[in-house]
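Enquirer: Just passing along the structure, written as structure tokens.
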Amino acid sequence: MIDPKMPEDKAVYHRSGDFVVFNQLAVKIEMDSVSNDDYYSWLDDMTARIGDLVPGVRIAEKAEARTAPPLNTAIYYDTEDFRILRTGALLRTSCNKITHAFCAFKAAQDDHNVRRDHRYVFDGEEKATIQAAPDSPEAVAIVRRLLARTDIDHPGLFLEREYGVPRNELVPTVRLDDYRYTFFVWLDQQDALRCSIDRAFVTNLRLPSEERDRRPVSEVELAIYPRIGEEIAQDPRVVQLIKVLSTELCDRFDTRITSDIKYQRAATALGMGNR
């Protein structure tokens, strides 16, 4: 039984210069055995019914959400002995060739499905280098220079403080190429949730390139909208929406909510870290 709650006494999203803190409430559901056709049949049904289940709610999609999903690539870093993997936390870069490149530390989720996300946002030449080839030696060097800094807040410092994992011992471990098919949930015509079915392909970066293969991992993420308005964030219907959507999805496909993050599910699919 899940017990999701909005972050208490904390801003959901705060940015200061190149550094962002995001307290994310989210629930993840395993979808490896569900086709896109079946998933979208469920979503069409929910779009028609959601206003009856939760008053004042509407599901919306961008015009090409189903046919041209964006591709985001994450590179997960860990120590040689996988000290981050077993915590449920992560340190990764994430990029899209058009929109963004950042480095993030996410703490393990708390008892109410909230994870604290610390991000350093790259720009200029560093951003372009990571976007072009996120697991290249040049991109890895940029990440290592960031993690070595002591003059600014950055994800490596928070990882080290909270989990005792040395930030200077991290190496690229897993590549995850993620096609995100997104829908939004509006509450009283304002953004409340940003949800997606993620069709990812994962690769073991510890192996020589000629020995690597790609394994599929799929899940639905039901998450609060990053820049959700303060008034909407306090509305109890937000949590009700996550509960309703997750229950409807699990019941339709006989699947389950998972507490494993993508990094852990990728390691399981690839047989890494004794998973």
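How things are named: the first chain in the structure tokens is A, the next is B, and so on; residues count from 1 in each chain; ligands count from 1 in the order shown.
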What lies within 6 Å of Thr73 in chain A using only C-alpha atoms, ignoring chain neighbours under 2 positions off, as a list in words?
Expert: Ser94, Cys95, Leu176 and Asp177 of chain A
Enquirer: Name the residues in contact with Ala139 in chain A at a cut-off of 8 Å, using only C-alpha atoms, excluding same-chain residues fewer than 5 positions from it; report them as a ChimeraX atom specification.
Expert: /A:126,129-130,133-134
Enquirer: So how far away is CA of Leu187 in chain A from CA of Thr99 in chain A, in Å?
Expert: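 Result for CA of Thr99 in chain A versus CA of Leu187 in chain A: 26.4 Å, one decimal.
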Enquirer: Can you work out which one of A:Phe201, A:Phe19, A:Phe82, A:Tyr13 has the shortest atom-to-atom distance to Ile152 in chain A, counting only C-alpha atoms?
Expert: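 The closest residue to Ile152 in chain A is A:Phe19.
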Enquirer: Calculated over only C-alpha atoms, which of the candidates A:Arg175, A:Asp81, A:Asp32, A:Arg115 has the smallest distance to Pro7 in chain A?
Expert: A:Arg115
Enquirer: Quick one: residues within 9 Å of Glu162 in chain A, only C-alpha atoms, excluding same-chain residues fewer than 4 positions away - as a ChimeraX atom specification?
Expert: /A:107,157-158
Enquirer: Skip range 256-263 of chain A itself and residues of its chain fewer than 5 positions away, then list as number ranges by chain all residues within 8 Å of it, counting only C-alpha atoms.
Expert: A: 27-30, 76, 85, 88, 90, 174, 246, 250
Enquirer: Write the selection just made, keeping C-alpha atoms, as a PDB file, in the first residue's frame?
Expert:
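Final output, saved to result-v5.pdb:
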```
ATOM      1  CA  VAL A  27       4.965   6.728  -8.266  1.00  0.00           C
ATOM      2  CA  LYS A  28       6.438   4.255 -10.764  1.00  0.00           C
ATOM      3  CA  ILE A  29       4.646   1.246 -12.264  1.00  0.00           C
ATOM      4  CA  GLU A  30       6.381  -1.584 -14.126  1.00  0.00           C
ATOM      5  CA  TYR A  76      24.622   6.705 -14.296  1.00  0.00           C
ATOM      6  CA  LEU A  85      23.250   1.137  -6.496  1.00  0.00           C
ATOM      7  CA  GLY A  88      18.247   3.630  -3.978  1.00  0.00           C
ATOM      8  CA  LEU A  90      21.630   7.974  -7.908  1.00  0.00           C
ATOM      9  CA  VAL A 174      25.020   2.437 -17.139  1.00  0.00           C
ATOM     10  CA  SER A 246      -1.829   4.104 -10.308  1.00  0.00           C
ATOM     11  CA  CYS A 250      -2.265  -1.714 -12.019  1.00  0.00           C
TER      12      CYS A 250
END
```
Enquirer: Which residue is closest to Val185 in chain A? Choose from A:Ile98, A:Ala74, A:Leu222, A:Ala63 and count only C-alpha atoms.
Expert: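 Of the candidates, the smallest distance to Val185 in chain A is held by A:Leu222.
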Enquirer: Report, in Å with one decimal, the straight-line distance from CA of Ser218 in chain A to CA of Thr247 in chain A.
Expert: 17.7 Å
Enquirer: Which residues of range 40-156 of chain A sit at most 12 Å from range 229-240 of chain A, using only C-alpha atoms? Give each one's shortest atom pair and distance in Å (one decimal place), in chain and ascending residue order, as JSON lines.
Expert:
```
{"residue": "A:Ile50", "atom": "CA", "partner": "A:Gln240", "partner_atom": "CA", "distance": 11.3}
{"residue": "A:Gly51", "atom": "CA", "partner": "A:Arg237", "partner_atom": "CA", "distance": 11.5}
{"residue": "A:Leu53", "atom": "CA", "partner": "A:Gln240", "partner_atom": "CA", "distance": 9.5}
{"residue": "A:Val54", "atom": "CA", "partner": "A:Arg237", "partner_atom": "CA", "distance": 7.1}
{"residue": "A:Pro55", "atom": "CA", "partner": "A:Arg237", "partner_atom": "CA", "distance": 8.4}
{"residue": "A:Gly56", "atom": "CA", "partner": "A:Arg237", "partner_atom": "CA", "distance": 9.1}
{"residue": "A:Val57", "atom": "CA", "partner": "A:Arg237", "partner_atom": "CA", "distance": 8.9}
{"residue": "A:His112", "atom": "CA", "partner": "A:Val239", "partner_atom": "CA", "distance": 10.5}
{"residue": "A:Asn113", "atom": "CA", "partner": "A:Val239", "partner_atom": "CA", "distance": 10.8}
{"residue": "A:Val114", "atom": "CA", "partner": "A:Val239", "partner_atom": "CA", "distance": 11.7}
```
Enquirer: Write out as a list in words the residues lying within 7 Å of range 210-216 of chain A, counting only C-alpha atoms and excluding same-chain residues fewer than 2 positions away.
Expert: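 Selected residues are Ala200, Phe201, Val202, Thr203, Asn204, Leu207, Pro208, Ser218, Ala269 and Leu270 of chain A.
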Enquirer: Store the residues picked out above in a file with C-alpha atoms, as a CSV table (one decimal), in the first residue's frame.
Expert:
```csv
chain,number,residue,atom,x,y,z
A,200,ALA,CA,14.2,2.8,-22.2
A,201,PHE,CA,17.1,0.8,-23.5
A,202,VAL,CA,20.0,0.2,-21.1
A,203,THR,CA,23.7,-0.6,-21.7
A,204,ASN,CA,26.5,-1.8,-19.4
A,207,LEU,CA,32.0,-3.8,-20.6
A,208,PRO,CA,34.2,-3.3,-23.7
A,218,SER,CA,9.7,0.1,-19.3
A,269,ALA,CA,18.2,-6.3,-16.6
A,270,LEU,CA,21.9,-6.2,-17.3
```
Enquirer: Select from range 29-106 of chain A everything DSSP, run on the backbone, classes as alpha helix (DSSP H), then give the selection as number ranges by chain.
Expert: A: 36-53
Enquirer: Mind giving me the straight-line distance from CA of Trp42 in chain A to CA of Ala192 in chain A in Å, one decimal?
Expert: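 Distance reported for this atom pair: 19.9 Å.
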Enquirer: Counting only C-alpha atoms, which residue out of A:Val244, A:Ala141, A:Val165, A:Ala65 sits closest to Asp52 in chain A?
Expert: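 Among the listed residues, the smallest separation from Asp52 in chain A belongs to A:Val244.
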Enquirer: Leaving out Asp198 in chain A and any residue of its chain fewer than 2 positions from it, which residues lie within 8 Å of it when counting only C-alpha atoms, given as JSON, numbers by chain?
Expert: {"A": [178, 179, 180, 181, 196, 200, 218, 219, 220, 221]}
Enquirer: For the selection just defined, write its residues with N, CA and C atoms to a file, as a compact mmCIF listing (two decimals), in the first residue's frame.
Expert:
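Generated file (again.txt):
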```txt
# COMPACT_ATOMS: atom_id res chain seq x y z
N ASP A 178 16.15 6.82 -23.25
CA ASP A 178 14.76 6.79 -22.80
C ASP A 178 13.86 7.59 -23.74
N TYR A 179 12.93 6.89 -24.38
CA TYR A 179 11.88 7.55 -25.15
C TYR A 179 10.69 7.80 -24.22
N ARG A 180 10.38 9.09 -24.02
CA ARG A 180 9.36 9.47 -23.03
C ARG A 180 8.08 9.89 -23.75
N TYR A 181 7.03 9.10 -23.55
CA TYR A 181 5.71 9.39 -24.11
C TYR A 181 4.90 10.06 -23.00
N SER A 196 4.41 9.94 -17.75
CA SER A 196 4.93 9.38 -19.00
C SER A 196 5.03 7.88 -18.89
N ALA A 200 12.75 2.57 -22.28
CA ALA A 200 14.19 2.77 -22.19
C ALA A 200 14.96 1.56 -22.68
N SER A 218 10.83 -0.78 -19.15
CA SER A 218 9.69 0.12 -19.35
C SER A 218 8.96 0.36 -18.04
N GLU A 219 8.49 1.59 -17.86
CA GLU A 219 7.70 1.93 -16.68
C GLU A 219 6.86 3.17 -16.96
N VAL A 220 5.82 3.32 -16.17
CA VAL A 220 5.05 4.57 -16.16
C VAL A 220 5.44 5.33 -14.90
N GLU A 221 5.66 6.62 -15.07
CA GLU A 221 5.92 7.49 -13.93
C GLU A 221 4.78 8.49 -13.81
```
Enquirer: Between A:Arg58, A:Arg167, A:Arg265, A:Arg199, which residue has the minimum interatomic distance to Arg83 in chain A, considering only C-alpha atoms?
Expert: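 Going through A:Arg58, A:Arg167, A:Arg265, A:Arg199 one by one, the smallest distance to Arg83 in chain A is for A:Arg167.
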